[in-house]
Structure formats: structure tokens, C-alpha cells
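Following: one structure in C-alpha cells, then a few remarks.
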Amino acid sequence: MNSASIRYDLQNIDNLRYLLCLAREFFSETGMLPAELEYHGVRLSYNSIEANAVIKGALDEKEYIERNKL
């Protein structure tokens with residue numbers, strides 16, 4: 001099985017909404033979904049439906065974190 005990974009370390013991301021926007025933009029540009037995200041030391045899975053809800057303000061960031069913790 002072939003595998004690869006890419007890791008980005010981003011500075012000055014002060015809320016989860018910005019990180020999720022970047023992940024969504026990365027997907028729209030490359031077609032690749034992130035396997036996991038790390039936000040303030042917490043590992044998270046990427047859930048595109050819930051990420052869109054956070055971006056639109058329909059889901060609280062804390063709720064996203066609790067639902068998607070790894």
C-alpha cells in the first residue's frame with residue numbers, strides 16, 4: 001500500500017472557523033480531504049458537513065471539537 005502525508009503548521013489561527021475554512025479551500029483546490037486537524041493541541045477528524053455548519057455559524061466550535069476529537 002502506498003501512502004503519503006502532508007503537514008502544515010499554521011501560525012496565528014485564532015479560531016477553529018478559520019482553520020476549517022482553510023481545510024475547505026484546500027479540498028476545493030486539490031480534491032484532497034484532510035485526514036485530521038490539530039487545533040490548540042487537540043487532534044480532530046475533519047467532518048465536512050459539520051465544518052460547513054461551523055463556518056456558517058450553525059454549529060458552535062466547542063461542539064465540533066467534542067464531536068470530532070480523536
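Chain identifiers are assigned as A, B, and so on, following the order in which chains appear in the C-alpha cells; residues are numbered from 1 within each chain, and ligands are numbered from 1 in order of appearance.
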
Open item on the list: Residues within 12 Å of segment 19-26 of chain A, please, as a PyMOL selection string. Count only C-alpha atoms; anything in the same chain fewer than 6 positions from it doesn't count.
Closed with: chain A and resi 6+8-13+32-40+44-56+61+64-65

I need the residues from that last selection saved to file as a PDB file, in the first residue's frame (with C-alpha atoms), if you can.
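Contents of part-v2.pdb, as written:
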```
ATOM      1  CA  ILE A   6       1.488  16.486   4.159  1.00  0.00           C
ATOM      2  CA  TYR A   8       1.141  22.269   7.514  1.00  0.00           C
ATOM      3  CA  ASP A   9       1.973  24.263  10.618  1.00  0.00           C
ATOM      4  CA  LEU A  10      -0.065  27.456  10.519  1.00  0.00           C
ATOM      5  CA  GLN A  11       0.577  30.460  12.716  1.00  0.00           C
ATOM      6  CA  ASN A  12      -1.942  32.978  14.035  1.00  0.00           C
ATOM      7  CA  ILE A  13      -5.057  30.816  13.605  1.00  0.00           C
ATOM      8  CA  MET A  32      -7.971  16.019  -1.075  1.00  0.00           C
ATOM      9  CA  LEU A  33      -9.680  15.956   2.317  1.00  0.00           C
ATOM     10  CA  PRO A  34      -7.556  16.292   5.434  1.00  0.00           C
ATOM     11  CA  ALA A  35      -7.394  13.062   7.443  1.00  0.00           C
ATOM     12  CA  GLU A  36      -7.013  15.020  10.657  1.00  0.00           C
ATOM     13  CA  LEU A  37      -6.537  18.518  12.014  1.00  0.00           C
ATOM     14  CA  GLU A  38      -4.870  19.723  15.171  1.00  0.00           C
ATOM     15  CA  TYR A  39      -6.245  22.796  16.899  1.00  0.00           C
ATOM     16  CA  HIS A  40      -4.574  24.097  20.078  1.00  0.00           C
ATOM     17  CA  LEU A  44      -9.639  16.348  15.321  1.00  0.00           C
ATOM     18  CA  SER A  45     -11.090  14.420  12.432  1.00  0.00           C
ATOM     19  CA  TYR A  46     -12.365  16.533   9.550  1.00  0.00           C
ATOM     20  CA  ASN A  47     -16.129  16.305   9.082  1.00  0.00           C
ATOM     21  CA  SER A  48     -17.101  18.372   6.037  1.00  0.00           C
ATOM     22  CA  ILE A  49     -20.793  18.655   6.947  1.00  0.00           C
ATOM     23  CA  GLU A  50     -20.101  19.843  10.481  1.00  0.00           C
ATOM     24  CA  ALA A  51     -17.208  22.029   9.283  1.00  0.00           C
ATOM     25  CA  ASN A  52     -19.609  23.852   6.948  1.00  0.00           C
ATOM     26  CA  ALA A  53     -22.027  24.271   9.856  1.00  0.00           C
ATOM     27  CA  VAL A  54     -19.264  25.892  11.960  1.00  0.00           C
ATOM     28  CA  ILE A  55     -18.269  28.170   9.079  1.00  0.00           C
ATOM     29  CA  LYS A  56     -21.899  29.277   8.636  1.00  0.00           C
ATOM     30  CA  GLU A  61     -16.758  25.441  17.694  1.00  0.00           C
ATOM     31  CA  TYR A  64     -17.425  20.496  16.724  1.00  0.00           C
ATOM     32  CA  ILE A  65     -14.369  19.788  18.848  1.00  0.00           C
TER      33      ILE A  65
END
```

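Of all the residues in segment 3-61 of chain A, the ones DSSP labels as alpha helix (DSSP H) from the backbone are A:Leu16, A:Arg17, A:Tyr18, A:Leu19, A:Leu20, A:Cys21, A:Leu22, A:Ala23, A:Arg24, A:Glu25, A:Phe26, A:Phe27, A:Ser28, A:Glu29, A:Thr30, A:Ser48, A:Ile49, A:Glu50, A:Ala51, A:Asn52, A:Ala53, A:Val54, A:Ile55, A:Lys56, A:Glu61.
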
Just write the chosen residues, N, CA and C atoms, as an mmCIF file, in the first residue's frame.
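Saved result, out-v3.cif, follows:
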```
data_model
loop_
_atom_site.group_PDB
_atom_site.id
_atom_site.type_symbol
_atom_site.label_atom_id
_atom_site.label_comp_id
_atom_site.auth_asym_id
_atom_site.auth_seq_id
_atom_site.Cartn_x
_atom_site.Cartn_y
_atom_site.Cartn_z
ATOM 1 N N LEU A 16 -11.277 28.185 15.353
ATOM 2 C CA LEU A 16 -11.458 26.969 14.562
ATOM 3 C C LEU A 16 -12.101 27.262 13.214
ATOM 4 N N ARG A 17 -12.946 28.239 13.163
ATOM 5 C CA ARG A 17 -13.622 28.584 11.912
ATOM 6 C C ARG A 17 -12.604 28.884 10.809
ATOM 7 N N TYR A 18 -11.548 29.638 11.114
ATOM 8 C CA TYR A 18 -10.514 29.944 10.119
ATOM 9 C C TYR A 18 -9.812 28.679 9.643
ATOM 10 N N LEU A 19 -9.502 27.784 10.579
ATOM 11 C CA LEU A 19 -8.836 26.539 10.211
ATOM 12 C C LEU A 19 -9.723 25.690 9.303
ATOM 13 N N LEU A 20 -10.996 25.610 9.622
ATOM 14 C CA LEU A 20 -11.921 24.840 8.798
ATOM 15 C C LEU A 20 -12.108 25.470 7.419
ATOM 16 N N CYS A 21 -12.096 26.788 7.348
ATOM 17 C CA CYS A 21 -12.160 27.475 6.042
ATOM 18 C C CYS A 21 -10.942 27.116 5.192
ATOM 19 N N LEU A 22 -9.769 27.080 5.804
ATOM 20 C CA LEU A 22 -8.557 26.707 5.072
ATOM 21 C C LEU A 22 -8.624 25.266 4.589
ATOM 22 N N ALA A 23 -9.126 24.367 5.435
ATOM 23 C CA ALA A 23 -9.253 22.965 5.045
ATOM 24 C C ALA A 23 -10.225 22.826 3.874
ATOM 25 N N ARG A 24 -11.328 23.557 3.925
ATOM 26 C CA ARG A 24 -12.312 23.504 2.838
ATOM 27 C C ARG A 24 -11.706 24.055 1.544
ATOM 28 N N GLU A 25 -10.956 25.127 1.647
ATOM 29 C CA GLU A 25 -10.305 25.713 0.469
ATOM 30 C C GLU A 25 -9.272 24.746 -0.114
ATOM 31 N N PHE A 26 -8.509 24.094 0.769
ATOM 32 C CA PHE A 26 -7.528 23.103 0.319
ATOM 33 C C PHE A 26 -8.235 21.992 -0.460
ATOM 34 N N PHE A 27 -9.378 21.534 0.056
ATOM 35 C CA PHE A 27 -10.139 20.496 -0.630
ATOM 36 C C PHE A 27 -10.628 20.982 -1.994
ATOM 37 N N SER A 28 -11.159 22.189 -2.059
ATOM 38 C CA SER A 28 -11.688 22.676 -3.334
ATOM 39 C C SER A 28 -10.584 22.886 -4.369
ATOM 40 N N GLU A 29 -9.371 23.169 -3.917
ATOM 41 C CA GLU A 29 -8.251 23.361 -4.856
ATOM 42 C C GLU A 29 -7.619 22.036 -5.280
ATOM 43 N N THR A 30 -7.545 21.061 -4.376
ATOM 44 C CA THR A 30 -6.794 19.833 -4.647
ATOM 45 C C THR A 30 -7.662 18.587 -4.756
ATOM 46 N N SER A 48 -16.766 17.262 6.938
ATOM 47 C CA SER A 48 -17.101 18.372 6.037
ATOM 48 C C SER A 48 -18.483 18.965 6.308
ATOM 49 N N ILE A 49 -19.443 18.140 6.676
ATOM 50 C CA ILE A 49 -20.793 18.655 6.947
ATOM 51 C C ILE A 49 -20.781 19.538 8.189
ATOM 52 N N GLU A 50 -20.165 19.049 9.255
ATOM 53 C CA GLU A 50 -20.101 19.843 10.481
ATOM 54 C C GLU A 50 -19.162 21.040 10.331
ATOM 55 N N ALA A 51 -18.105 20.891 9.530
ATOM 56 C CA ALA A 51 -17.208 22.029 9.283
ATOM 57 C C ALA A 51 -17.976 23.160 8.606
ATOM 58 N N ASN A 52 -18.798 22.823 7.615
ATOM 59 C CA ASN A 52 -19.609 23.852 6.948
ATOM 60 C C ASN A 52 -20.583 24.498 7.925
ATOM 61 N N ALA A 53 -21.116 23.716 8.854
ATOM 62 C CA ALA A 53 -22.027 24.271 9.856
ATOM 63 C C ALA A 53 -21.300 25.258 10.766
ATOM 64 N N VAL A 54 -20.056 24.960 11.141
ATOM 65 C CA VAL A 54 -19.264 25.892 11.960
ATOM 66 C C VAL A 54 -18.989 27.166 11.174
ATOM 67 N N ILE A 55 -18.589 27.013 9.922
ATOM 68 C CA ILE A 55 -18.269 28.170 9.079
ATOM 69 C C ILE A 55 -19.486 29.083 8.927
ATOM 70 N N LYS A 56 -20.667 28.497 8.794
ATOM 71 C CA LYS A 56 -21.899 29.277 8.636
ATOM 72 C C LYS A 56 -22.463 29.784 9.959
ATOM 73 N N GLU A 61 -18.089 26.039 17.798
ATOM 74 C CA GLU A 61 -16.758 25.441 17.694
ATOM 75 C C GLU A 61 -16.523 24.385 18.763
#
```

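Across the structure, atom CA of Ser3 of chain A and atom CA of Val42 of chain A are spaced 23.7 Å apart.
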
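Going from atom CA of Asp60 of chain A over to atom CA of Asp14 of chain A, you cover 14.8 Å.
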
- [ ] Choose the residue, out of A:Glu63, A:Ala58, A:Lys69, A:Asn2, that has the smallest atom-to-atom separation from Gly41 of chain A; count only C-alpha atoms.
- [x] A:Lys69
